[in-house]
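Q: File model_16.txt follows (compact mmCIF, C-alpha atoms):
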# COMPACT_ATOMS: atom_id res chain seq x y z
CA MET G 213 18.57 -24.70 24.20
CA THR G 214 15.65 -26.69 22.79
CA ILE G 215 14.12 -23.52 21.37
CA GLN G 216 17.36 -22.59 19.63
CA LEU G 217 17.57 -26.06 18.13
CA LEU G 218 14.03 -25.94 16.82
CA ILE G 219 14.62 -22.54 15.23
CA LEU G 220 17.82 -23.78 13.63
CA THR G 221 16.08 -26.85 12.28
CA GLY G 222 13.30 -24.72 10.79
CA LEU G 223 15.73 -22.29 9.23
CA ALA G 224 17.78 -25.15 7.86
CA CYS G 225 14.69 -26.51 6.17
CA SER G 226 13.92 -23.07 4.73
CA SER G 227 17.36 -22.60 3.32
CA THR G 228 17.67 -26.02 1.71
CA THR G 229 14.40 -25.92 -0.17
CA ALA G 230 15.01 -26.30 -3.88
CA TYR G 231 13.48 -23.49 -5.92
CA ALA G 232 14.26 -24.50 -9.45
CA GLU G 233 11.68 -24.01 -12.11
CA SER G 234 9.15 -21.39 -11.19
CA LEU G 235 8.73 -18.24 -9.23
CA ARG G 236 8.32 -19.05 -5.59
CA LEU G 237 7.85 -17.24 -2.32
CA LEU G 238 10.34 -17.17 0.49
CA ARG G 239 8.54 -14.87 2.92
CA VAL G 240 5.00 -13.60 3.34
CA VAL G 241 4.24 -10.89 5.90
CA SER G 242 0.73 -10.11 7.07
CA LEU G 243 -0.98 -6.75 6.84
CA GLU G 244 -3.55 -5.26 9.16
CA TYR G 245 -6.44 -3.22 7.80
CA PRO G 246 -5.28 0.41 7.69
CA GLN G 247 -6.90 2.20 10.63
CA ALA G 248 -7.61 5.36 8.62
CA ALA G 249 -9.44 3.31 5.98
CA LEU G 250 -11.38 1.43 8.64
CA VAL G 251 -12.60 4.64 10.27
CA GLN G 252 -13.78 5.99 6.91
CA ASN G 253 -15.23 2.62 5.79
CA ILE G 254 -12.98 2.54 2.78
CA GLU G 255 -12.89 -0.77 0.95
CA GLY G 256 -11.32 -1.66 -2.36
CA ASP G 257 -8.88 -3.66 -4.41
CA VAL G 258 -5.23 -3.01 -5.10
CA GLU G 259 -3.22 -4.80 -7.73
CA LEU G 260 0.53 -4.77 -7.58
CA THR G 261 2.69 -6.09 -10.39
CA VAL G 262 6.06 -6.87 -8.88
CA TYR G 263 9.11 -7.06 -11.11
CA LEU G 264 12.04 -9.01 -9.71
CA ASP G 265 15.71 -8.96 -10.52
CA GLN G 266 17.94 -11.98 -10.96
CA ARG G 267 18.39 -12.45 -7.23
CA GLY G 268 14.68 -12.35 -6.57
CA ASP G 269 14.77 -8.87 -5.02
CA ILE G 270 12.03 -6.41 -5.92
CA ASP G 271 13.17 -4.25 -8.81
CA TRP G 272 10.08 -2.10 -9.08
CA VAL G 273 6.37 -2.28 -8.40
CA GLN G 274 3.58 -1.13 -10.68
CA PRO G 275 0.53 -0.32 -8.56
CA SER G 276 -3.07 -0.19 -9.70
CA GLY G 277 -5.93 0.95 -7.49
CA THR G 278 -8.08 3.93 -6.65
CA GLU G 279 -7.86 4.33 -2.88
CA SER G 280 -4.58 5.91 -1.89
CA ILE G 281 -4.72 4.66 1.74
CA LEU G 282 -5.09 1.05 0.61
CA LEU G 283 -2.53 1.50 -2.13
CA ASP G 284 -0.02 2.84 0.34
CA ALA G 285 -0.62 -0.02 2.80
CA ALA G 286 -0.27 -2.69 0.11
CA PHE G 287 2.83 -1.02 -1.32
CA ARG G 288 4.53 -0.95 2.08
CA ASN G 289 3.52 -4.55 2.73
CA ILE G 290 4.84 -6.02 -0.52
CA HIS G 291 8.31 -4.68 0.20
CA LEU G 292 8.44 -6.91 3.30
CA TRP G 293 7.92 -10.02 1.20
CA ARG G 294 10.71 -12.06 -0.31
CA PHE G 295 10.60 -13.95 -3.55
CA ALA G 296 12.79 -16.74 -4.86
CA PRO G 297 14.64 -15.91 -8.05
CA GLY G 298 12.84 -16.67 -11.27
CA SER G 299 14.49 -18.85 -13.87
CA ILE G 300 12.95 -17.40 -17.02
CA ASP G 301 15.67 -15.21 -18.63
CA GLY G 302 16.70 -14.09 -15.20
CA LYS G 303 13.71 -11.78 -14.68
CA ALA G 304 10.25 -12.42 -13.47
CA SER G 305 7.12 -10.60 -12.50
CA VAL G 306 4.27 -11.58 -10.29
CA THR G 307 0.90 -9.96 -9.70
CA ILE G 308 -0.45 -9.76 -6.17
CA LYS G 309 -4.06 -8.68 -5.71
CA TYR G 310 -5.08 -7.23 -2.37
CA HIS G 311 -8.78 -7.25 -1.51
CA PHE G 312 -9.63 -4.99 1.44
CA ARG G 313 -13.09 -5.72 2.83
CA ILE G 314 -15.01 -4.56 5.91
CA ARG G 315 -17.81 -6.75 7.23
CA ASP G 316 -20.40 -6.31 9.92
CA GLN G 317 -20.40 -9.96 10.91
CA PHE G 318 -18.25 -13.03 10.51
CA SER G 319 -19.32 -16.65 10.54
CA ASP G 320 -17.78 -19.32 12.80
CA ASP G 321 -15.30 -20.60 10.21
CA ASP G 322 -14.47 -17.11 9.09
CA SER G 323 -12.62 -14.39 10.91
CA PRO G 324 -11.13 -10.96 10.34
CA GLY G 325 -7.49 -10.85 9.42
CA PHE G 326 -5.08 -11.61 6.65
CA ARG G 327 -5.24 -14.49 4.19
CA PHE G 328 -2.98 -15.35 1.32
CA SER G 329 -3.32 -17.78 -1.53
CA VAL G 330 -0.42 -18.80 -3.73
CA SER G 331 -2.45 -17.73 -6.75
CA GLY G 332 -1.57 -14.21 -5.65
CA GLU G 333 -4.79 -13.29 -3.88
CA VAL G 334 -4.56 -11.49 -0.56
CA GLN G 335 -7.63 -10.85 1.56
CA VAL G 336 -7.54 -8.31 4.34
CA LEU G 337 -10.75 -8.49 6.30
CA ALA G 338 -11.84 -6.29 9.18
CA ARG G 339 -14.88 -5.89 11.39
CA ARG G 340 -16.74 -2.63 10.93
CA THR G 341 -15.99 -0.21 13.73
CA HIS G 342 -17.77 2.87 12.43
CA PRO G 343 -21.28 2.80 10.90
CA LYS G 344 -21.66 3.71 7.26
CA THR G 345 -22.88 7.24 6.64
CA GLU G 346 -26.04 6.06 4.87
CA ASP G 347 -26.80 3.65 7.72
CA LYS G 348 -27.14 6.47 10.22
CA LYS G 349 -30.76 6.97 11.18
CA PRO G 350 -32.07 10.50 10.98
CA PRO G 351 -32.94 12.08 14.31
CA ALA G 352 -36.52 11.55 15.53
CA SER G 353 -37.37 15.26 15.17
CA ALA G 354 -36.30 15.37 11.53
CA GLY G 355 -39.09 16.22 9.04
CA ARG G 356 -41.48 17.61 11.65
CA MET K 20 36.98 -30.07 54.05
CA LYS K 21 34.49 -29.73 51.30
CA ASP K 22 35.88 -29.36 47.79
CA ARG K 23 34.46 -26.09 46.46
CA THR K 24 36.06 -26.34 43.04
CA ILE K 25 33.53 -25.68 40.30
CA LYS K 26 33.89 -27.87 37.27
CA ARG K 27 33.56 -25.69 34.19
CA THR K 28 32.24 -27.07 30.98
CA GLY K 29 34.51 -26.04 28.12
CA PRO K 30 33.10 -24.14 25.16
CA LEU K 31 33.92 -27.00 22.82
CA ASN K 32 31.82 -29.37 24.88
CA THR K 33 28.87 -27.00 24.71
CA ILE K 34 29.24 -26.53 20.96
CA GLY K 35 29.66 -30.26 20.48
CA GLN K 36 26.48 -30.97 22.41
CA PHE K 37 24.66 -28.31 20.42
CA VAL K 38 25.74 -29.75 17.07
CA LEU K 39 24.97 -33.29 18.15
CA ALA K 40 21.51 -32.32 19.40
CA THR K 41 20.81 -30.43 16.15
CA LEU K 42 21.71 -33.48 14.10
CA VAL K 43 19.58 -35.75 16.25
CA LEU K 44 16.65 -33.35 16.11
CA SER K 45 16.97 -32.93 12.35
CA ALA K 46 16.78 -36.66 11.95
CA ALA K 47 13.87 -36.99 14.35
CA LEU K 48 11.77 -34.23 12.78
CA PRO K 49 11.40 -34.79 9.05
CA CYS K 50 12.16 -31.59 7.22
CA SER K 51 9.12 -30.11 5.52
CA GLU K 52 10.90 -29.14 2.35
CA GLN K 53 8.69 -31.51 0.39
CA TRP K 54 5.72 -29.30 1.16
CA GLU K 55 4.85 -25.66 1.13
CA PRO K 56 1.70 -23.73 1.97
CA THR K 57 -0.55 -22.62 -0.86
CA GLU K 58 -3.13 -20.92 1.34
CA LEU K 59 -2.48 -19.42 4.71
CA ALA K 60 -4.29 -17.35 7.28
CA ALA K 61 -2.70 -15.03 9.79
CA LEU K 62 -2.97 -15.60 13.50
CA GLN K 63 -3.58 -12.94 16.12
CA TYR K 64 -1.41 -13.12 19.21
CA PRO K 65 -3.76 -14.46 21.92
CA PRO K 66 -4.68 -11.51 24.20
CA LEU K 67 -4.36 -13.60 27.35
CA ALA K 68 -0.90 -14.76 26.28
CA LYS K 69 0.09 -11.14 25.71
CA GLN K 70 -1.10 -10.11 29.16
CA ALA K 71 0.75 -13.06 30.70
CA ARG K 72 3.87 -12.15 28.69
CA LEU K 73 3.79 -15.64 27.22
CA THR K 74 6.29 -16.31 24.43
CA GLY K 75 7.86 -19.40 22.95
CA ILE K 76 7.85 -22.04 20.28
CA VAL K 77 5.04 -24.31 19.19
CA VAL K 78 5.89 -27.19 16.86
CA VAL K 79 2.87 -28.69 15.20
CA ARG K 80 2.75 -31.84 13.10
CA ILE K 81 0.03 -32.04 10.51
CA GLU K 82 -1.63 -34.64 8.38
CA LEU K 83 -2.96 -33.68 5.00
CA GLU K 84 -5.92 -34.64 2.90
CA GLU K 85 -5.53 -35.46 -0.77
CA ASP K 86 -6.47 -31.90 -1.77
CA GLY K 87 -3.80 -30.40 0.49
CA SER K 88 -6.12 -29.26 3.27
CA VAL K 89 -5.18 -30.11 6.83
CA ALA K 90 -6.93 -33.21 8.16
CA SER K 91 -5.50 -33.04 11.66
CA ALA K 92 -2.80 -31.31 13.64
CA GLN K 93 -0.91 -32.25 16.76
CA ALA K 94 1.20 -29.86 18.79
CA LEU K 95 4.47 -31.50 19.79
CA THR K 96 5.78 -28.73 22.02
CA GLY K 97 4.70 -25.40 23.40
CA HIS K 98 2.49 -23.80 26.00
CA PRO K 99 -1.10 -25.12 25.79
CA LEU K 100 -2.55 -21.63 25.34
CA LEU K 101 -0.35 -20.94 22.32
CA ALA K 102 -0.69 -24.50 21.02
CA MET K 103 -4.47 -24.20 21.04
CA GLU K 104 -4.34 -21.07 18.86
CA VAL K 105 -1.84 -22.71 16.51
CA HIS K 106 -4.07 -25.75 16.17
CA LYS K 107 -7.06 -23.59 15.21
CA ASN K 108 -4.94 -21.57 12.79
CA VAL K 109 -3.25 -24.38 10.92
CA LEU K 110 -6.55 -26.08 10.12
CA ARG K 111 -7.25 -23.14 7.79
CA TRP K 112 -4.08 -23.69 5.75
CA LYS K 113 -3.55 -25.66 2.57
CA PHE K 114 -0.38 -27.24 1.24
CA ARG K 115 1.07 -28.59 -1.95
CA GLN K 116 3.80 -31.08 -2.56
CA VAL K 117 6.88 -29.40 -3.98
CA SER K 118 9.01 -32.45 -4.54
CA SER K 119 7.50 -35.70 -5.79
CA ASP K 120 10.37 -38.00 -4.86
CA ALA K 121 8.97 -38.88 -1.47
CA PRO K 122 5.92 -41.08 -0.98
CA ARG K 123 2.98 -38.82 -0.27
CA THR K 124 1.52 -41.01 2.43
CA GLU K 125 4.70 -40.96 4.48
CA GLN K 126 4.97 -37.20 4.61
CA HIS K 127 3.75 -35.41 7.68
CA PRO K 128 4.87 -31.82 7.42
CA TYR K 129 5.40 -29.84 10.55
CA LEU K 130 5.30 -26.13 11.21
CA ILE K 131 7.26 -24.12 13.75
CA TYR K 132 5.44 -21.15 15.24
CA HIS K 133 7.59 -18.69 17.14
CA PHE K 134 5.64 -16.32 19.40
CA ARG K 135 7.54 -13.16 20.24
CA LEU K 136 6.73 -9.99 22.19
CA GLU K 137 8.67 -6.91 21.18
CA GLY K 138 8.19 -3.20 21.78
CA ARG K 139 5.37 -1.59 23.70
CA CYS K 140 1.96 -0.19 22.84
CA SER K 141 -0.15 2.35 24.68
CA HIS K 142 -3.15 0.07 25.25
CA ALA K 143 -4.17 -3.49 24.41
CA ALA K 144 -6.34 -2.55 21.42
CA ALA K 145 -3.48 -0.64 19.84
CA CYS K 146 -1.07 -3.56 19.98
CA ARG K 147 -0.29 -4.75 16.50
CA THR K 148 0.47 -8.34 15.58
CA GLU K 149 2.81 -9.10 12.71
CA PHE K 150 2.54 -12.53 11.19
CA THR K 151 5.43 -13.67 9.02
CA VAL K 152 5.75 -16.94 7.15
CA GLU K 153 9.26 -17.94 6.16
CA TYR K 154 8.72 -20.62 3.55
CA PRO K 155 8.19 -23.41 3.85
CA ASN K 156 7.44 -23.96 7.52
CA TYR K 157 8.71 -21.29 9.91
CA VAL K 158 6.15 -18.82 11.26
CA VAL K 159 6.80 -15.79 13.45
CA VAL K 160 3.92 -14.24 15.38
CA LYS K 161 5.17 -10.97 16.80
CA SER K 162 3.23 -8.50 18.91
CA GLU K 163 3.84 -5.41 20.96
CA ILE K 164 3.50 -5.67 24.72
CA PRO K 165 0.39 -4.10 26.28
CA PRO K 166 0.74 -2.22 29.55
CA ILE K 167 -0.53 -3.73 32.77
CA HIS K 168 -2.94 -1.46 34.62
CA ILE K 169 -3.30 -2.11 38.32
CA HIS K 170 -6.20 -0.46 40.12
CA TYR K 171 -5.78 -0.57 43.86
CA ALA K 172 -8.96 -0.39 45.87
CA ARG K 173 -9.05 2.59 48.20
CA PRO K 174 -9.26 1.47 51.84
CA GLN K 175 -12.66 2.18 53.40
Please, can you express the file's structure as structure tokens?
A:
Amino acid sequence: MTIQLLILTGLACSSTTAYAESLRLLRVVSLEYPQAALVQNIEGDVELTVYLDQRGDIDWVQPSGTESILLDAAFRNIHLWRFAPGSIDGKASVTIKYHFRIRDQFSDDDSPGFRFSVSGEVQVLARRTHPKTEDKKPPASAGR
Amino acid sequence: MKDRTIKRTGPLNTIGQFVLATLVLSAALPCSEQWEPTELAALQYPPLAKQARLTGIVVVRIELEEDGSVASAQALTGHPLLAMEVHKNVLRWKFRQVSSDAPRTEQHPYLIYHFRLEGRCSHAAACRTEFTVEYPNYVVVKSEIPPIHIHYARPQ
């Protein structure tokens, strides 16, 4: 009973928020580093320009990036997000930049995972699971 | 002779109680519509909580610095294991004031984290966590359920 009440209260707050002047977010969904990209040590940036209709639904997305695995992951992810309707002539666009990075180590106040900033920057960080090809040491017998 | 009649609570009574409690709770917990997150970090479902099949709600009340970063957080409800993770997570968030009609010093936004376990995964490492933020203050942390492996010792 208490749980249901808390959920209702939270949802009530969400629904009554006034989104008047500018483009605003209603829902952000996290993204895990694509496993295939992690195995191949693929890093990179993806930029998605999202065009919204009058209701705030995604009309179409213009992607920009080189790595198809990352592009695909970002593209799937952005369709889970929800935007509040824009007020400028009924249409709006927003650019979301995804930065996929693999690190060997993380500091104490840093951790792998998903981060989002309202400026449109998304960071997807992962710990390296497979060594880079150039990091592999040659076998001891090599060159003899 | 003992009276075995069971007194049934009518549906209207239940609904009435529900509505009344919602109103009371809404008044007690200030709605966070004055604030919204500008920076957020996802939270991984705690592995121990997954193994223990621990789900539920954590409500956390936060106090903000002038720059919107979180100065302190206090869990109002929820299992300590989940509340501890929420506390660590929310300290990495930043907020901005959406509406300026309320005095800044009197605003203490709160967040509701809902931990859910749905679906199954083949092993613990393969379990995916999905972290969803419904603006401004409702967070769903959803994970698949890892299997429990029991290894019985062979009798000597």
Q: Between atom CA of G:Thr307 and atom CA of K:Phe114, what is the spacing in Å?
A: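 Taking atom CA of K:Phe114 and atom CA of G:Thr307, their separation equals 20.5 Å.
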Q: Contacts of stretch 89-93 of chain K at 9 Å or less, counting all atoms listed in the file, minus same-chain residues fewer than 5 places along, as a ChimeraX atom specification?
A: /K:78-84,102,106-107,109-114,129
Q: Quick one: distance from atom CA of G:Leu282 to atom CA of G:Leu264 in Å, one decimal?
A: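 Going from atom CA of G:Leu282 over to atom CA of G:Leu264 covers 22.4 Å.
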Q: Using all atoms listed in the file, I'd like a table of the residues in chain K that come within 6 Å of chain G; for each, show the closest atom pair and its distance in Å rounded to one decimal, ordered by chain and ascending number, as a tab-separated table.
A:
residue	atom	partner	partner_atom	distance
K:Thr41	CA	G:Leu217	CA	5.8
K:Cys50	CA	G:Cys225	CA	5.8
K:Glu52	CA	G:Thr229	CA	5.4
K:Thr57	CA	G:Val330	CA	4.8
K:Glu58	CA	G:Ser329	CA	4.3
K:Leu59	CA	G:Phe328	CA	5.3
K:Ala60	CA	G:Arg327	CA	4.3
K:Ala61	CA	G:Phe326	CA	5.2
K:Phe150	CA	G:Ser242	CA	5.1
K:Thr151	CA	G:Val241	CA	4.3
K:Val152	CA	G:Val240	CA	5.1
K:Glu153	CA	G:Arg239	CA	4.5
K:Tyr154	CA	G:Leu238	CA	4.9
K:Pro155	CA	G:Ser226	CA	5.8
K:Tyr157	CA	G:Gly222	CA	5.8
Q: Save out the residues we just selected, C-alpha atoms, as a compact mmCIF listing (two decimals), in the coordinates of the input.
A:
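Contents of part-v9.txt, as written:
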# COMPACT_ATOMS: atom_id res chain seq x y z
CA THR K 41 20.81 -30.43 16.15
CA CYS K 50 12.16 -31.59 7.22
CA GLU K 52 10.90 -29.14 2.35
CA THR K 57 -0.55 -22.62 -0.86
CA GLU K 58 -3.13 -20.92 1.34
CA LEU K 59 -2.48 -19.42 4.71
CA ALA K 60 -4.29 -17.35 7.28
CA ALA K 61 -2.70 -15.03 9.79
CA PHE K 150 2.54 -12.53 11.19
CA THR K 151 5.43 -13.67 9.02
CA VAL K 152 5.75 -16.94 7.15
CA GLU K 153 9.26 -17.94 6.16
CA TYR K 154 8.72 -20.62 3.55
CA PRO K 155 8.19 -23.41 3.85
CA TYR K 157 8.71 -21.29 9.91
Q: For atom CA of K:Val159 and atom CA of K:Cys140, determine how far apart the two atoms are, in Å to one decimal place.
A: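 Result for atom CA of K:Val159 versus atom CA of K:Cys140: 18.8 Å, one decimal.
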Q: Could you list, as an NGL selection string, every residue within 8 Å of K:Ile164, counting all atoms listed in the file and ignoring same-chain residues fewer than 3 positions away?
A: :K and (69-70 or 72 or 136-140 or 143 or 146)
Q: Under the rule that only C-alpha atoms are counted, which of K:Glu55, K:Ala71, K:Gly97, K:Arg147 is the nearest residue to K:Glu163?
A: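 Between K:Glu55, K:Ala71, K:Gly97, K:Arg147, the residue approaching K:Glu163 most closely is K:Arg147.
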Q: From the list G:Ile308, G:Arg315, G:Gln266, G:Gly277, which residue is nearest G:Ala296 when using all atoms listed in the file?
A: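 The shortest atom-to-atom distance to G:Ala296 comes from G:Gln266.
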Q: Excluding G:Asp257 and its own-chain neighbours fewer than 5 positions away, which residues fall within 9 Å of it when counting only C-alpha atoms? Please give them as number ranges by chain.
A: G: 276-279, 282-283, 309-313
Q: With distances taken over only C-alpha atoms, which residue among K:Pro56, K:Glu149, K:Ile131, K:His142 lies nearest K:Pro165?
A: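 Closest to K:Pro165 of all the choices is K:His142.
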Q: How would you write as a VMD selection string the residues that get within 12 Å of (11.0, -3.2, -14.7) in the file's frame, counting all atoms listed in the file?
A: chain G and resid 261 to 266 269 to 274 303 to 306
Q: For the residues selected in the previous step, produce a file with C-alpha atoms as a PDB file, keeping the file's coordinate frame.
A:
ATOM      1  CA  THR G 261       2.690  -6.090 -10.390  1.00  0.00           C
ATOM      2  CA  VAL G 262       6.060  -6.870  -8.880  1.00  0.00           C
ATOM      3  CA  TYR G 263       9.110  -7.060 -11.110  1.00  0.00           C
ATOM      4  CA  LEU G 264      12.040  -9.010  -9.710  1.00  0.00           C
ATOM      5  CA  ASP G 265      15.710  -8.960 -10.520  1.00  0.00           C
ATOM      6  CA  GLN G 266      17.940 -11.980 -10.960  1.00  0.00           C
ATOM      7  CA  ASP G 269      14.770  -8.870  -5.020  1.00  0.00           C
ATOM      8  CA  ILE G 270      12.030  -6.410  -5.920  1.00  0.00           C
ATOM      9  CA  ASP G 271      13.170  -4.250  -8.810  1.00  0.00           C
ATOM     10  CA  TRP G 272      10.080  -2.100  -9.080  1.00  0.00           C
ATOM     11  CA  VAL G 273       6.370  -2.280  -8.400  1.00  0.00           C
ATOM     12  CA  GLN G 274       3.580  -1.130 -10.680  1.00  0.00           C
ATOM     13  CA  LYS G 303      13.710 -11.780 -14.680  1.00  0.00           C
ATOM     14  CA  ALA G 304      10.250 -12.420 -13.470  1.00  0.00           C
ATOM     15  CA  SER G 305       7.120 -10.600 -12.500  1.00  0.00           C
ATOM     16  CA  VAL G 306       4.270 -11.580 -10.290  1.00  0.00           C
TER      17      VAL G 306
END
